[in-house]
Each structure stands twice: as structure tokens, then as C-alpha cells.
>>> print(open('entry.txt').read())   # compact mmCIF, C-alpha atoms
# COMPACT_ATOMS: atom_id res chain seq x y z
CA LEU A 14 92.79 -128.10 -52.06
CA LYS A 15 89.09 -127.41 -52.42
CA CYS A 16 87.89 -123.85 -52.04
CA LYS A 17 84.27 -123.83 -50.98
CA ARG A 18 82.02 -120.85 -50.53
CA ARG A 19 81.92 -121.19 -46.75
CA HIS A 20 83.90 -123.16 -44.22
CA PRO A 21 82.27 -123.12 -40.78
CA ARG A 22 84.64 -123.28 -37.86
CA THR A 23 84.72 -122.78 -34.15
CA PRO A 24 85.00 -119.05 -33.49
CA ALA A 25 88.31 -117.92 -32.06
CA PRO A 26 88.28 -115.84 -28.87
CA ALA A 27 88.22 -112.10 -29.39
CA ASP A 28 91.76 -110.78 -29.59
CA ALA A 29 92.35 -107.06 -29.27
CA ASN A 30 95.90 -107.46 -30.57
CA SER A 31 94.62 -109.23 -33.66
CA ALA A 32 92.09 -106.46 -34.34
CA ALA A 33 94.76 -103.80 -33.93
CA MET A 34 97.10 -105.69 -36.23
CA ARG A 35 94.37 -105.99 -38.85
CA GLN A 36 93.85 -102.22 -38.78
CA ARG A 37 97.61 -101.63 -38.97
CA MET A 38 98.00 -103.92 -41.95
CA GLN A 39 95.01 -102.27 -43.63
CA ARG A 40 96.65 -98.84 -43.35
CA MET A 41 99.94 -100.20 -44.63
CA LEU A 42 98.30 -101.89 -47.61
CA ASP A 43 96.60 -98.62 -48.46
CA LEU A 44 100.03 -96.95 -48.51
CA TRP A 45 101.37 -99.70 -50.78
CA ASP A 46 98.36 -99.48 -53.08
CA ASP A 47 99.93 -97.05 -55.54
CA SER A 48 103.11 -99.13 -55.78
CA GLN A 49 101.23 -102.16 -57.12
CA PRO A 50 100.97 -101.90 -60.92
CA SER A 51 97.74 -103.31 -62.28
CA ASP A 52 99.25 -104.88 -65.39
CA HIS A 53 102.77 -106.03 -64.48
CA VAL A 54 103.90 -109.14 -62.68
CA THR A 55 106.43 -108.78 -59.87
CA PRO A 56 109.79 -109.20 -61.67
CA THR A 57 111.20 -111.64 -59.13
CA LEU A 58 108.13 -113.86 -59.47
CA GLU A 59 108.45 -113.85 -63.25
CA ARG A 60 112.13 -114.74 -63.01
CA TYR A 61 111.73 -117.57 -60.51
CA VAL A 62 108.24 -118.95 -61.00
CA GLU A 63 109.69 -122.10 -62.59
CA ARG A 64 111.80 -122.70 -59.48
CA LEU A 65 108.67 -122.29 -57.38
CA THR A 66 106.42 -124.56 -59.43
CA GLU A 67 109.05 -126.96 -60.84
CA GLY A 68 107.07 -126.82 -64.06
CA ALA A 69 103.84 -128.14 -62.49
CA ARG A 70 100.65 -126.42 -63.60
CA SER A 71 98.08 -128.12 -61.40
CA LYS A 72 99.26 -127.04 -57.97
CA SER A 73 97.60 -124.71 -55.49
CA VAL A 74 99.34 -121.45 -54.59
CA LEU A 75 98.65 -119.12 -51.67
CA VAL A 76 99.35 -115.38 -51.85
CA PRO A 77 99.29 -113.80 -48.35
CA LEU A 78 98.15 -110.16 -48.05
CA CYS A 79 97.67 -110.12 -51.80
CA GLY A 80 96.18 -106.64 -52.17
CA LYS A 81 95.31 -105.98 -55.81
CA SER A 82 98.44 -107.55 -57.20
CA PHE A 83 98.56 -108.60 -60.83
CA ASP A 84 100.57 -111.60 -59.61
CA LEU A 85 97.27 -113.38 -58.93
CA VAL A 86 96.35 -113.20 -62.61
CA PHE A 87 99.84 -114.19 -63.72
CA LEU A 88 99.80 -117.30 -61.55
CA ALA A 89 96.26 -118.23 -62.60
CA ASP A 90 97.20 -117.89 -66.27
CA LEU A 91 99.82 -120.59 -65.68
CA GLY A 92 97.02 -122.97 -64.70
CA LEU A 93 97.65 -122.83 -60.95
CA GLN A 94 94.82 -122.75 -58.43
CA VAL A 95 95.29 -119.30 -56.92
CA VAL A 96 94.03 -118.27 -53.49
CA GLY A 97 94.75 -114.90 -51.93
CA VAL A 98 94.18 -113.64 -48.40
CA GLU A 99 93.35 -109.95 -48.05
CA SER A 100 91.76 -107.93 -45.24
CA SER A 101 90.63 -105.01 -47.42
CA ARG A 102 87.40 -105.41 -49.34
CA ARG A 103 88.23 -102.20 -51.19
CA LEU A 104 91.43 -103.68 -52.60
CA ILE A 105 89.64 -106.89 -53.57
CA ALA A 106 87.10 -104.82 -55.52
CA LYS A 107 89.89 -102.75 -57.11
CA PHE A 108 91.68 -105.92 -58.17
CA ALA A 109 88.59 -107.24 -59.94
CA GLY A 110 87.86 -103.86 -61.54
CA GLU A 111 91.40 -103.26 -62.80
CA GLN A 112 91.60 -106.77 -64.26
CA SER A 113 88.08 -106.57 -65.78
CA LEU A 114 87.02 -109.65 -63.84
CA ASP A 115 83.52 -110.40 -62.63
CA LEU A 116 83.49 -110.36 -58.83
CA SER A 117 81.05 -112.63 -57.03
CA ALA A 118 80.75 -113.26 -53.32
CA GLY A 119 80.36 -116.40 -51.34
CA ASP A 120 78.57 -116.29 -48.01
CA ALA A 121 79.12 -113.05 -46.09
CA PRO A 122 81.29 -113.32 -42.98
CA SER A 123 79.40 -113.73 -39.74
CA ALA A 124 79.91 -111.67 -36.61
CA ASP A 125 82.19 -114.33 -35.16
CA GLY A 126 84.91 -113.50 -37.68
CA ASP A 127 84.56 -116.12 -40.43
CA ALA A 128 86.02 -115.18 -43.79
CA ALA A 129 84.13 -114.15 -46.89
CA ALA A 130 85.21 -115.83 -50.12
CA TRP A 131 85.31 -113.65 -53.22
CA PHE A 132 85.60 -115.11 -56.70
CA ALA A 133 87.34 -112.92 -59.28
CA GLY A 134 87.66 -114.81 -62.53
CA PRO A 135 89.96 -117.79 -61.87
CA CYS A 136 91.15 -116.38 -58.52
CA THR A 137 89.66 -116.88 -55.07
CA ILE A 138 90.35 -114.23 -52.45
CA PHE A 139 89.41 -114.68 -48.82
CA GLU A 140 88.60 -111.47 -47.00
CA CYS A 141 89.84 -112.10 -43.48
CA ASP A 142 92.46 -111.39 -40.87
CA TRP A 143 95.62 -113.27 -41.80
CA PHE A 144 96.01 -114.43 -38.20
CA ASP A 145 92.64 -116.19 -38.41
CA ALA A 146 93.58 -118.11 -41.56
CA SER A 147 93.62 -121.90 -41.25
CA PRO A 148 93.28 -124.93 -43.54
CA THR A 149 89.67 -125.26 -42.40
CA LEU A 150 88.87 -121.66 -43.22
CA LEU A 151 90.64 -121.64 -46.60
CA GLY A 152 89.58 -125.12 -47.68
CA GLY A 153 92.84 -127.02 -47.32
CA ARG A 154 96.61 -126.77 -47.37
CA PHE A 155 98.69 -125.39 -50.22
CA ASP A 156 101.47 -126.74 -52.39
CA LEU A 157 103.06 -123.33 -52.96
CA ALA A 158 103.08 -119.79 -51.57
CA PHE A 159 104.33 -116.46 -52.85
CA ASP A 160 105.09 -113.92 -50.13
CA ASN A 161 105.98 -110.63 -51.79
CA ALA A 162 107.03 -108.51 -48.77
CA ALA A 163 103.92 -109.51 -46.80
CA LEU A 164 106.17 -110.62 -43.95
CA SER A 165 107.80 -107.17 -44.07
CA VAL A 166 104.48 -105.48 -43.28
CA VAL A 167 103.89 -107.45 -40.10
CA ASP A 168 104.97 -105.87 -36.83
CA PRO A 169 108.27 -107.55 -35.86
CA SER A 170 106.75 -108.67 -32.56
CA ARG A 171 104.23 -110.80 -34.50
CA ARG A 172 106.48 -112.25 -37.18
CA THR A 173 106.70 -115.61 -35.45
CA LEU A 174 102.91 -115.83 -35.33
CA TYR A 175 102.69 -114.82 -38.99
CA ALA A 176 105.17 -117.56 -39.93
CA ASP A 177 103.31 -120.10 -37.78
CA VAL A 178 100.10 -119.37 -39.69
CA LEU A 179 101.91 -119.78 -43.00
CA HIS A 180 103.53 -123.03 -41.83
CA GLY A 181 100.10 -124.36 -40.90
CA LEU A 182 98.73 -123.58 -44.35
CA MET A 183 101.48 -125.36 -46.27
CA GLY A 184 101.33 -128.96 -47.35
CA PRO A 185 103.96 -131.55 -46.34
CA THR A 186 106.11 -130.74 -49.39
CA GLY A 187 105.29 -127.04 -49.49
CA THR A 188 107.51 -124.50 -51.24
CA ILE A 189 107.55 -120.75 -50.56
CA LEU A 190 108.97 -117.96 -52.71
CA LEU A 191 109.69 -115.14 -50.26
CA VAL A 192 110.73 -111.57 -51.12
CA ALA A 193 112.04 -109.45 -48.22
CA ALA A 194 114.41 -106.52 -47.81
CA GLU A 195 117.16 -105.72 -45.30
CA PHE A 196 118.17 -102.17 -44.44
CA ASP A 197 119.31 -100.00 -41.54
CA GLU A 198 116.14 -99.05 -39.67
CA GLY A 199 118.17 -96.85 -37.35
CA SER A 200 118.93 -94.42 -40.15
CA VAL A 201 115.37 -93.11 -40.36
CA ASP A 202 112.78 -91.63 -37.98
CA PRO A 203 110.95 -94.57 -36.33
CA GLY A 204 107.67 -92.92 -37.25
CA MET A 205 108.40 -93.60 -40.92
CA LEU A 206 108.48 -97.33 -40.17
CA SER A 207 105.56 -97.49 -37.77
CA LEU A 208 103.44 -99.22 -40.41
CA GLY A 209 106.30 -101.00 -42.13
CA PRO A 210 107.98 -102.17 -44.19
CA HIS A 211 110.52 -103.53 -41.75
CA SER A 212 113.98 -104.93 -42.30
CA ILE A 213 114.41 -108.70 -42.37
CA GLY A 214 117.83 -110.34 -42.40
CA ILE A 215 118.96 -113.73 -43.63
CA GLY A 216 119.34 -115.10 -40.12
CA GLU A 217 115.81 -114.23 -39.11
CA VAL A 218 114.37 -115.87 -42.21
CA GLY A 219 116.19 -119.06 -41.23
CA GLU A 220 114.85 -118.85 -37.68
CA LEU A 221 111.27 -118.19 -38.74
CA PHE A 222 111.30 -121.00 -41.29
CA TRP A 223 113.45 -123.48 -39.42
CA GLY A 224 111.61 -126.45 -40.95
CA TYR A 225 112.61 -125.39 -44.46
CA SER A 226 115.76 -125.33 -46.51
CA VAL A 227 116.66 -121.72 -47.34
CA GLU A 228 118.19 -120.76 -50.68
CA ILE A 229 118.91 -117.17 -51.68
CA LEU A 230 118.01 -116.90 -55.35
CA GLU A 231 118.79 -113.21 -55.79
CA GLU A 232 119.97 -110.04 -54.09
CA GLU A 233 119.32 -106.60 -55.57
CA ASP A 234 119.38 -102.95 -54.56
CA ALA A 235 115.76 -101.98 -53.93
CA SER A 236 116.40 -98.29 -53.17
CA GLU A 237 114.43 -97.23 -56.25
CA LEU A 238 111.72 -99.89 -56.06
CA GLY A 239 108.16 -99.13 -54.99
CA VAL A 240 107.62 -98.13 -51.38
CA TYR A 241 111.34 -98.52 -50.62
CA ARG A 242 112.04 -95.46 -52.76
CA LYS A 243 110.22 -93.36 -50.16
CA LEU A 244 112.47 -94.71 -47.40
CA HIS A 245 115.59 -94.05 -49.46
CA GLU A 246 114.50 -90.46 -50.04
CA VAL A 247 114.27 -89.80 -46.29
CA GLY A 248 117.68 -91.18 -45.41
CA VAL A 249 117.77 -94.97 -45.58
CA GLY A 250 120.95 -96.09 -47.34
CA ARG A 251 121.30 -99.29 -49.30
CA ILE A 252 118.22 -101.47 -49.26
CA CYS A 253 119.05 -105.08 -50.13
CA GLN A 254 116.06 -107.02 -51.38
CA ARG A 255 116.46 -110.79 -51.37
CA THR A 256 114.43 -113.50 -53.00
CA PHE A 257 114.39 -116.74 -51.00
CA LEU A 258 113.26 -120.20 -52.03
CA LEU A 259 112.06 -122.11 -48.98
CA GLU A 260 111.42 -125.83 -49.35
CA ARG A 261 109.87 -127.81 -46.55
CA ILE A 262 112.15 -130.49 -45.13
CA PRO A 263 110.33 -133.83 -44.75
CA PRO A 264 110.35 -135.02 -41.13
CA VAL A 265 112.68 -137.88 -40.23
CA PRO A 266 110.64 -141.09 -39.82
CA GLY A 267 109.75 -141.60 -36.20
CA THR A 268 109.93 -137.90 -35.30
CA PRO A 269 107.16 -137.06 -32.76
CA ALA A 270 104.44 -134.83 -34.17
CA CYS A 271 105.17 -132.21 -31.52
CA CYS A 272 108.69 -131.76 -32.91
CA ARG A 273 107.68 -131.23 -36.53
CA GLN A 274 107.38 -127.85 -38.17
>>> encode(input="entry.txt", output="C-alpha cells")
Amino acid sequence: LKCKRRHPRTPAPADANSAAMRQRMQRMLDLWDDSQPSDHVTPTLERYVERLTEGARSKSVLVPLCGKSFDLVFLADLGLQVVGVESSRRLIAKFAGEQSLDLSAGDAPSADGDAAAWFAGPCTIFECDWFDASPTLLGGRFDLAFDNAALSVVDPSRRTLYADVLHGLMGPTGTILLVAAEFDEGSVDPGMLSLGPHSIGIGEVGELFWGYSVEILEEEDASELGVYRKLHEVGVGRICQRTFLLERIPPVPGTPACCRQ
């Protein structure tokens, strides 16, 4: 993986749905902003980072919809090459400010939708729409990824597309640490969930990541954790947060490219 300051690409056609989704995710990330501590690593990441990395300290790791998470610093301190994707320039600036990191910009994005690369200490954050992310745009494919409820923010109708983008960014032996919660969405006013987070069950994780082995590392009650506390207060019952380890299954020799994940 080589992160350069600009990666020209052929502009994608304008997509009204993509623009609307970007605005939706921006509003949701703003709501989550206060639940992201500026000096604490996500506990599940700290507990299972060795399972994710297998002890390697020279791998590249992707953090989708990273916001201003301290997890970026934690992973970089391990010696990993950390790349985040974030649509909010405000959160990127807050991340650098809260971590006392110098923030420098690569080339500004052009009108056709290219990403801007921001360099905050050892971390690189691409300011772009997640659905525009590609190996060309981000400078290559990744060995690892940490998805801390990013999938939960995405509108359920676009989860498959989200997963397809993530698949395309992972290397042939890619490993993903995924944190997602399952709860009864019917027990709360739909308006409360209009911006997410949404419930994700074990079966759907398997369907979305069908080219990966799926191991549940942990299940815990998330009713008092972060943004889920707000849902619990308005009527959602038990909220089961699961931590999944997803490991890409190598294709069987001779498998046509069109049938590979």
C-alpha cells in the first residue's frame, strides 16, 4: 500500500443517491461525535487487536468512516500503516486538534469528486464519500480493516454496496474486525433510527461477507454504551453488540474471476 497525495481517476457519474447518503452519514457522524472519546481506544479493538494483526506490525489497516476516533492513533502506535476514510472535514480537523497532531493537506479535491488526502501525524485520512472509495483512489488494497459500527450507520438498502466497496479495498488475505449490534428496531419510533444506527444480525453479516470466514469473538450488552444508551432510554430493550473476525477465504484454484469475492 502506497498512499500518495493525489490519485487521479476517471470521474464516476453523478449519483443523487450517493450525495444523499453522504449527507445522511455526515449527520449521523455528527450525532456520534460526542460518543467518541478523544483519548481512549475502543475496548473491543484493544482486546482483539492481536487477533486482527496476528502480531504483525508492518501491515496496512483501513478504518471506514473513522470520524475523530482515537483508534487511529492506537493502531499507528503499533507500527501499522493507518488510513481512514471520512466525509467530514470538520471531524478530520477535530481529530488532529484533539490529538495535538499537525494536519497537512494533499491536493484539494476537484469538482469531479476526487478525494483529498489529509496527513495527521502518522495517520492518513481521505476526505471522500465512502461509496467512491477504490484502490486507485486510496493508493492500494489493505491487509486489515477495523469497522467499528460503520456498517451500522449505512442505510440498510445500501449495505450490500457498502460491503462491496470494502471487499474491493481488501487484499487477497484481508482480515476485518467488525463491531455491530443487534436489537429490536420495532420497539422504537422509526424516526429515532432514521439516521442509524441500525440492527445487524449474524445471518446478515454472513451474507454480506460471504467470501470470508465469520467468527464471533464476543457478545456483550451495549445498552449503556455510547449512542446505544440513547436508544435504550427511549424503549429499545437488550442491545447485543458482537465483535466479528472476518478472514478472507482464498479462492479455489481454477475458480473464474467472476465467481470470486
>>> closest_residue(input="entry.txt", among="A:Val96, A:Leu258, A:Leu114, A:Val54", to="Leu182 (chain A)", atoms="all atoms listed in the file")
A:Val96
>>> atom_distance(input="entry.txt", atom1="CA of Leu206 (chain A)", atom2="CA of Leu238 (chain A)")
16.4 Å
>>> atom_distance(input="entry.txt", atom1="CA of Glu198 (chain A)", atom2="CA of Val178 (chain A)")
25.9 Å
>>> residues_around(input="entry.txt", residues="Gln112 (chain A)", least_positions_apart="2", cutoff="8 Å", atoms="all atoms listed in the file", output="PyMOL selection string")
chain A and resi 51-52+83+108-110+114
>>> closest_residue(input="entry.txt", among="A:Asp90, A:Asp145, A:Asp160, A:Asp202", to="Leu174 (chain A)", atoms="all atoms listed in the file")
A:Asp145
>>> closest_residue(input="entry.txt", among="A:Trp143, A:Ser212, A:Ile252, A:Leu190", to="Arg60 (chain A)", atoms="all atoms listed in the file")
A:Leu190
>>> atom_distance(input="entry.txt", atom1="CA of Pro185 (chain A)", atom2="CA of Phe144 (chain A)")
20.6 Å
>>> closest_residue(input="entry.txt", among="A:Leu191, A:Val247, A:Gly184, A:Arg154", to="Pro203 (chain A)", atoms="all atoms listed in the file")
A:Val247
>>> residues_around(input="entry.txt", residues="Leu230 (chain A)", least_positions_apart="5", cutoff="12 Å", atoms="only C-alpha atoms", output="number ranges by chain")
A: 57-58, 60-62, 64-65, 190-193, 254-259
>>> residues_near_point(input="entry.txt", point="(112.4, -121.7, -38.5)", cutoff="12 Å", atoms="all atoms listed in the file", output="list in words")
Arg172, Thr173, Leu174, Tyr175, Ala176, Asp177, Leu179, His180, Ile215, Gly216, Glu217, Val218, Gly219, Glu220, Leu221, Phe222, Trp223, Gly224, Tyr225, Ser226, Val227, Leu259, Glu260, Arg261, Ile262, Arg273 and Gln274 of chain A
>>> residues_around(input="entry.txt", residues="Cys141 (chain A)", least_positions_apart="4", cutoff="7 Å", atoms="only C-alpha atoms", output="PyMOL selection string")
chain A and resi 98-100+128-129
>>> closest_residue(input="entry.txt", among="A:Leu75, A:Ile105, A:Ala89, A:Ala133", to="Ser117 (chain A)", atoms="all atoms listed in the file")
A:Ala133
>>> closest_residue(input="entry.txt", among="A:Gly248, A:Ile138, A:Ala69, A:Trp131", to="Ser82 (chain A)", atoms="all atoms listed in the file")
A:Ile138
>>> axis_aligned_box(input="entry.txt", around="region 237-247 of chain A", padding_each_side="6 Å", output="AutoDock Vina command-line options")
--center_x 111.6 --center_y -94.8 --center_z -51.3 --size_x 20.0 --size_y 22.1 --size_z 22.0
>>> decode(input="entry.txt", residues="region 144-170 of chain A", atoms="N, CA and C atoms", output="CSV table (one decimal), in the first residue's frame")
chain,number,residue,atom,x,y,z
A,144,PHE,N,-18.6,5.6,-0.8
A,144,PHE,CA,-19.0,4.8,-1.9
A,144,PHE,C,-18.2,5.2,-3.2
A,145,ASP,N,-17.3,6.2,-3.1
A,145,ASP,CA,-16.4,6.5,-4.2
A,145,ASP,C,-15.0,5.8,-3.9
A,146,ALA,N,-14.8,5.3,-2.7
A,146,ALA,CA,-13.5,4.7,-2.4
A,146,ALA,C,-13.2,3.6,-3.3
A,147,SER,N,-11.9,3.5,-3.7
A,147,SER,CA,-11.4,2.4,-4.5
A,147,SER,C,-9.9,2.3,-4.3
A,148,PRO,N,-9.3,1.1,-4.7
A,148,PRO,CA,-7.9,1.0,-4.5
A,148,PRO,C,-7.1,2.1,-5.2
A,149,THR,N,-7.6,2.5,-6.4
A,149,THR,CA,-6.9,3.6,-7.1
A,149,THR,C,-6.9,4.9,-6.3
A,150,LEU,N,-8.1,5.2,-5.7
A,150,LEU,CA,-8.3,6.5,-5.0
A,150,LEU,C,-7.4,6.5,-3.7
A,151,LEU,N,-7.4,5.3,-3.0
A,151,LEU,CA,-6.7,5.3,-1.7
A,151,LEU,C,-5.3,4.8,-1.8
A,152,GLY,N,-4.8,4.5,-3.0
A,152,GLY,CA,-3.4,4.1,-3.1
A,152,GLY,C,-3.1,2.6,-3.0
A,153,GLY,N,-4.1,1.8,-3.0
A,153,GLY,CA,-3.9,0.3,-2.9
A,153,GLY,C,-4.9,-0.4,-2.1
A,154,ARG,N,-4.7,-1.7,-2.0
A,154,ARG,CA,-5.5,-2.5,-1.1
A,154,ARG,C,-4.9,-2.7,0.3
A,155,PHE,N,-5.8,-3.2,1.2
A,155,PHE,CA,-5.3,-3.2,2.6
A,155,PHE,C,-5.3,-4.6,3.1
A,156,ASP,N,-4.4,-4.8,4.1
A,156,ASP,CA,-4.2,-6.1,4.7
A,156,ASP,C,-5.3,-6.3,5.8
A,157,LEU,N,-5.7,-5.2,6.5
A,157,LEU,CA,-6.6,-5.3,7.6
A,157,LEU,C,-7.6,-4.1,7.5
A,158,ALA,N,-8.7,-4.3,8.2
A,158,ALA,CA,-9.7,-3.2,8.4
A,158,ALA,C,-10.4,-3.4,9.7
A,159,PHE,N,-10.7,-2.2,10.3
A,159,PHE,CA,-11.5,-2.2,11.5
A,159,PHE,C,-12.7,-1.3,11.3
A,160,ASP,N,-13.9,-2.0,11.3
A,160,ASP,CA,-15.2,-1.4,11.1
A,160,ASP,C,-15.9,-1.3,12.5
A,161,ASN,N,-15.8,-0.2,13.1
A,161,ASN,CA,-16.5,0.0,14.4
A,161,ASN,C,-17.8,0.6,14.2
A,162,ALA,N,-18.8,-0.2,13.9
A,162,ALA,CA,-20.2,0.2,13.7
A,162,ALA,C,-20.4,1.1,12.5
A,163,ALA,N,-19.4,1.2,11.6
A,163,ALA,CA,-19.6,2.0,10.4
A,163,ALA,C,-20.7,1.4,9.6
A,164,LEU,N,-20.7,0.1,9.5
A,164,LEU,CA,-21.8,-0.6,8.7
A,164,LEU,C,-23.1,-0.3,9.3
A,165,SER,N,-23.2,-0.1,10.6
A,165,SER,CA,-24.5,0.1,11.3
A,165,SER,C,-25.1,1.5,10.9
A,166,VAL,N,-24.2,2.4,10.4
A,166,VAL,CA,-24.7,3.7,10.1
A,166,VAL,C,-25.3,3.8,8.7
A,167,VAL,N,-24.9,2.9,7.9
A,167,VAL,CA,-25.4,2.9,6.5
A,167,VAL,C,-26.8,2.4,6.4
A,168,ASP,N,-27.6,3.1,5.5
A,168,ASP,CA,-29.0,2.7,5.3
A,168,ASP,C,-29.0,1.3,4.9
A,169,PRO,N,-29.9,0.5,5.5
A,169,PRO,CA,-29.9,-1.0,5.2
A,169,PRO,C,-30.0,-1.3,3.7
A,170,SER,N,-30.7,-0.4,2.9
A,170,SER,CA,-30.8,-0.6,1.5
A,170,SER,C,-29.5,-0.5,0.8
